[in-house]
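Written below as structure tokens is the structure these notes are about.
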Amino acid sequence: MKRLYVQIYLTIVGSLVLVVLTAGLLWHFLAGVPPFGQPFEIAGEVLAEIVPPADAPVSEQQQAIERWARRLNADLALYGRANEPLAAAGRPLPAPRRGSQSGGWLRTPAGFAVSIRLPDGRWLVARLPAQRRPSALVIGLFLGAIALVVALGALPVVRRLTGRLERLQYGVESLGAGDLRARVKVEGRDEVARLAQSFNHAAGRIESLVDSHKILLAHASHELRTPLARIRLALELIDAAPERKLELQKNIAELDQLVDEILLASRLDATERLDICEQIDLGALAAEECARYDNCCVEGKSVIVQGDPMLLRRMIRNLVENAELHGKPPIEVNVGSQNGQAVLNVSDGGPVIAEEARERLFSAFYRVPGRNGSKGTGLGLALVRQIVRRHAGDVTYNPDRGSCFTVTLPMGAEAMQMRP
């Protein structure tokens with residue numbers, strides 16, 4: 001996987017390699033040969049054959065230097081072993097450095113010169129014609145061309161990185177401006193790509209929560225009107241008969257339950273993990289809840305699960321109340337285990353729900369057509385699914401066992417990954 005820091009590191013390393021190659025080419029362009037070493041020794045052996053020997057008359061040495069200076073169009077000077085001048089032609093040249101044992105470059109006011117040591121100890125100093133040496137303009141143009149190549153090579157990499165960050169910034173700004181459908185294209189496999197994936201996941205989660213709350217509030221505003229209307233009518237007739245007071249109390253209780261379930265649904269939507277997580281005997285919890293109902297019996301064994309006891313109690317209560325409101329007695333609750341999971345079955349004697357209605361059973365405010373009018377708040381089964389999924393389990397409608405809802409939860413005290 002290509003990491004962002006690897007790309008930046010390779011870009012820097014590539015630039016350094018290019019600089020090294022440029023320096024090598026520039027040095028070769030200026031010098032042509034190394035400044036010292038074996039090539040100068042070879043040059044000295046060759047020049048010894050064309051320069052008069054050390055014991056030759058000074059005039060003969062002067063004539064030879066002048067002749068070669070004209071042929072090479074260069075400045076030449078011949079120095080003895082003690083750096084004493086012997087012959088010269090052209091502009092003055094400095095003597096070699098004292099104590100030097102091999103040739104090298106010399107800096108002069110008119111440019112660079114090269115000194116070559118002859119086998120007999122003498123020194124030949126030469127300055128090449130100006131047209132053979134690169135000018136400052138040529139060197140500047142050469143370095144400028146290299147800088148341009150480096151800049152052009154680094155531009156696509158830098159632009160790719162900054163371009164993705166700019167698109168990510170635009171997505172964040174769009175989301176902040178209220179566009180909940182804003183998403184960012186995921187490009188590459190580095191940190192920026194993972195950041196884009198995280199942004200898309202967060203944006204999708206926010207959109208889902210907002211849409212869920214909008215639907216919840218829209219249905220709640222409609223559902224709240226029914227008990228309120230009945231309360232209003234009961235208030236008008238409260239002196240007519242005592243049973244009206246009882247009806248009023250039931251309507252108030254229904255309204256209170258609806259508000260409570262709306263608040264619980266909103267809280268479960270807003271959090272992804274449980275506030276309380278402890279070991280619970282699901283069988284004992286089911287027995288306690290079912291004792292509140294006349295037509296409900298419990299069978300099974302003790303099964304230990306981990307979770308929030310208040311939420312699990314609410315889950316069992318909603319399933320039993322759903323069977324009591326929309327099914328027929330007797331209501332049977334069975335607790336057991338299967339394949340390493342705790343299993344809770346809540347069934348009643350009512351008819352099996354039609355297949356086309358099963359997919360929406362756990363949707364908020366959905367009621368199966370033709371089943372006992374408008375009893376209940378319409379949030380019971382939706383809350384059951386939310387609670388079960390917060391406990392890393394699932395709930396399904398099982399028509400093979402009649403009108404039966406089956407809850408599966410992980411057993412034991414192992415750490416759980418709570419689903420959103």
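A note on labels: chains of the structure tokens are A, B, ... as shown, every chain counts residues from 1, and ligands are counted from 1 in their shown order.
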Do you know which residues are at most 10 Å from Ala126 in chain A counting only C-alpha atoms, after dropping those on the same chain fewer than 5 positions away, and could you put them as a PDB file with N, CA and C atoms, in the first residue's frame?
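As a result, part_10.pdb now contains:
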ATOM      1  N   ALA A  69      51.961  27.094 -28.142  1.00  0.00           N
ATOM      2  CA  ALA A  69      50.932  28.064 -27.750  1.00  0.00           C
ATOM      3  C   ALA A  69      50.176  28.563 -28.976  1.00  0.00           C
ATOM      4  N   LEU A  72      47.920  25.604 -30.246  1.00  0.00           N
ATOM      5  CA  LEU A  72      46.763  25.332 -29.379  1.00  0.00           C
ATOM      6  C   LEU A  72      45.919  26.566 -29.111  1.00  0.00           C
ATOM      7  N   ALA A  74      46.514  28.836 -26.935  1.00  0.00           N
ATOM      8  CA  ALA A  74      46.391  28.806 -25.485  1.00  0.00           C
ATOM      9  C   ALA A  74      47.544  29.549 -24.857  1.00  0.00           C
ATOM     10  N   ASP A  75      47.422  29.857 -23.590  1.00  0.00           N
ATOM     11  CA  ASP A  75      48.498  30.464 -22.806  1.00  0.00           C
ATOM     12  C   ASP A  75      49.271  29.335 -22.153  1.00  0.00           C
ATOM     13  N   LEU A  76      50.634  29.346 -22.339  1.00  0.00           N
ATOM     14  CA  LEU A  76      51.472  28.284 -21.787  1.00  0.00           C
ATOM     15  C   LEU A  76      52.604  28.895 -20.999  1.00  0.00           C
ATOM     16  N   ALA A  77      53.051  28.154 -19.973  1.00  0.00           N
ATOM     17  CA  ALA A  77      54.217  28.569 -19.184  1.00  0.00           C
ATOM     18  C   ALA A  77      54.925  27.319 -18.704  1.00  0.00           C
ATOM     19  N   LEU A  78      56.277  27.386 -18.681  1.00  0.00           N
ATOM     20  CA  LEU A  78      57.093  26.251 -18.253  1.00  0.00           C
ATOM     21  C   LEU A  78      57.896  26.681 -17.038  1.00  0.00           C
ATOM     22  N   ALA A  88      57.586  31.069 -21.370  1.00  0.00           N
ATOM     23  CA  ALA A  88      56.177  31.439 -21.306  1.00  0.00           C
ATOM     24  C   ALA A  88      55.734  32.013 -22.631  1.00  0.00           C
ATOM     25  N   ALA A  89      54.430  31.840 -22.929  1.00  0.00           N
ATOM     26  CA  ALA A  89      53.845  32.405 -24.144  1.00  0.00           C
ATOM     27  C   ALA A  89      52.404  32.789 -23.832  1.00  0.00           C
ATOM     28  N   GLY A  90      51.982  33.980 -24.254  1.00  0.00           N
ATOM     29  CA  GLY A  90      50.627  34.445 -23.974  1.00  0.00           C
ATOM     30  C   GLY A  90      50.552  35.200 -22.668  1.00  0.00           C
ATOM     31  N   LEU A  93      50.854  33.329 -16.420  1.00  0.00           N
ATOM     32  CA  LEU A  93      50.231  32.213 -15.700  1.00  0.00           C
ATOM     33  C   LEU A  93      50.953  32.026 -14.378  1.00  0.00           C
ATOM     34  N   PRO A  94      50.222  31.666 -13.305  1.00  0.00           N
ATOM     35  CA  PRO A  94      50.868  31.480 -12.004  1.00  0.00           C
ATOM     36  C   PRO A  94      51.654  30.184 -11.963  1.00  0.00           C
ATOM     37  N   TRP A 105      44.008  22.009 -10.880  1.00  0.00           N
ATOM     38  CA  TRP A 105      43.456  23.264 -11.403  1.00  0.00           C
ATOM     39  C   TRP A 105      44.020  24.440 -10.626  1.00  0.00           C
ATOM     40  N   LEU A 106      44.218  25.546 -11.351  1.00  0.00           N
ATOM     41  CA  LEU A 106      44.683  26.791 -10.759  1.00  0.00           C
ATOM     42  C   LEU A 106      43.703  27.900 -11.115  1.00  0.00           C
ATOM     43  N   PHE A 112      40.289  29.633 -15.232  1.00  0.00           N
ATOM     44  CA  PHE A 112      40.988  28.478 -14.678  1.00  0.00           C
ATOM     45  C   PHE A 112      42.105  28.031 -15.620  1.00  0.00           C
ATOM     46  N   ALA A 113      43.222  27.557 -14.994  1.00  0.00           N
ATOM     47  CA  ALA A 113      44.342  26.975 -15.734  1.00  0.00           C
ATOM     48  C   ALA A 113      44.642  25.615 -15.133  1.00  0.00           C
ATOM     49  N   VAL A 114      45.368  24.778 -15.900  1.00  0.00           N
ATOM     50  CA  VAL A 114      45.699  23.446 -15.440  1.00  0.00           C
ATOM     51  C   VAL A 114      47.213  23.310 -15.398  1.00  0.00           C
ATOM     52  N   SER A 115      47.714  22.687 -14.301  1.00  0.00           N
ATOM     53  CA  SER A 115      49.157  22.457 -14.163  1.00  0.00           C
ATOM     54  C   SER A 115      49.426  20.968 -14.301  1.00  0.00           C
ATOM     55  N   ILE A 116      50.476  20.630 -15.085  1.00  0.00           N
ATOM     56  CA  ILE A 116      50.822  19.232 -15.347  1.00  0.00           C
ATOM     57  C   ILE A 116      52.300  19.052 -15.024  1.00  0.00           C
TER      58      ILE A 116
END
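The environment of Glu166 in chain A within 12 Å, counting only C-alpha atoms and disregarding residues fewer than 4 places along the same chain, consists of Arg159, Arg160, Leu161, Thr162, Tyr170, Gly171, Val172, Glu173, Val184, Lys185, Val192 and Ala196 of chain A.
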Q: Based on DSSP run over this structure's backbone, return all residues of range 62-202 of chain A in alpha helix (DSSP H), as a PyMOL selection string.
A: chain A and resi 62-72+136-176+191-202
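Relative to CA of Ala287 in chain A, CA of Val388 in chain A is found at 18.5 Å.
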Q: Tell me, as a PyMOL selection string, which residues lie within 8 Å of Ser347 in chain A, counting only C-alpha atoms; anything in the same chain fewer than 3 positions away does not count.
A: chain A and resi 323+331-333+401-405
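Between CA of Asn295 in chain A and CA of Gly349 in chain A there is a distance of 11.0 Å.
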Q.
Between CA of Ala154 in chain A and CA of Thr22 in chain A, what distance in Å does the model show, to one decimal?
A. 16.4 Å
Q: Fewer than 6 positions away in the same chain doesn't count, so skip those; otherwise give me all residues within 12 Å of Leu285 in chain A, counting only C-alpha atoms, as an MDAnalysis selection string.
A: chainID A and resid 279 291:292 298 300:305 308:317 333:335 344
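If only C-alpha atoms are the atoms counted, then among A:His219, A:Arg71, A:Arg194, A:Arg122 the closest residue to Pro96 in chain A is A:Arg122.
Using only C-alpha atoms, the smallest distance between any of A:Cys297, A:Val51, A:Ala357, A:Leu381 and Glu321 in chain A comes from A:Leu381.
Closest approach to Leu282 in chain A from the set A:Asn318, A:Pro53, A:Ala342, A:Asp211 is made by A:Ala342, with distances taken over only C-alpha atoms.
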Q) Pick the closest to Asn345 in chain A from A:Cys296, A:Glu324, A:Glu288, A:Thr408: which is it, counting only C-alpha atoms? A) A:Thr408
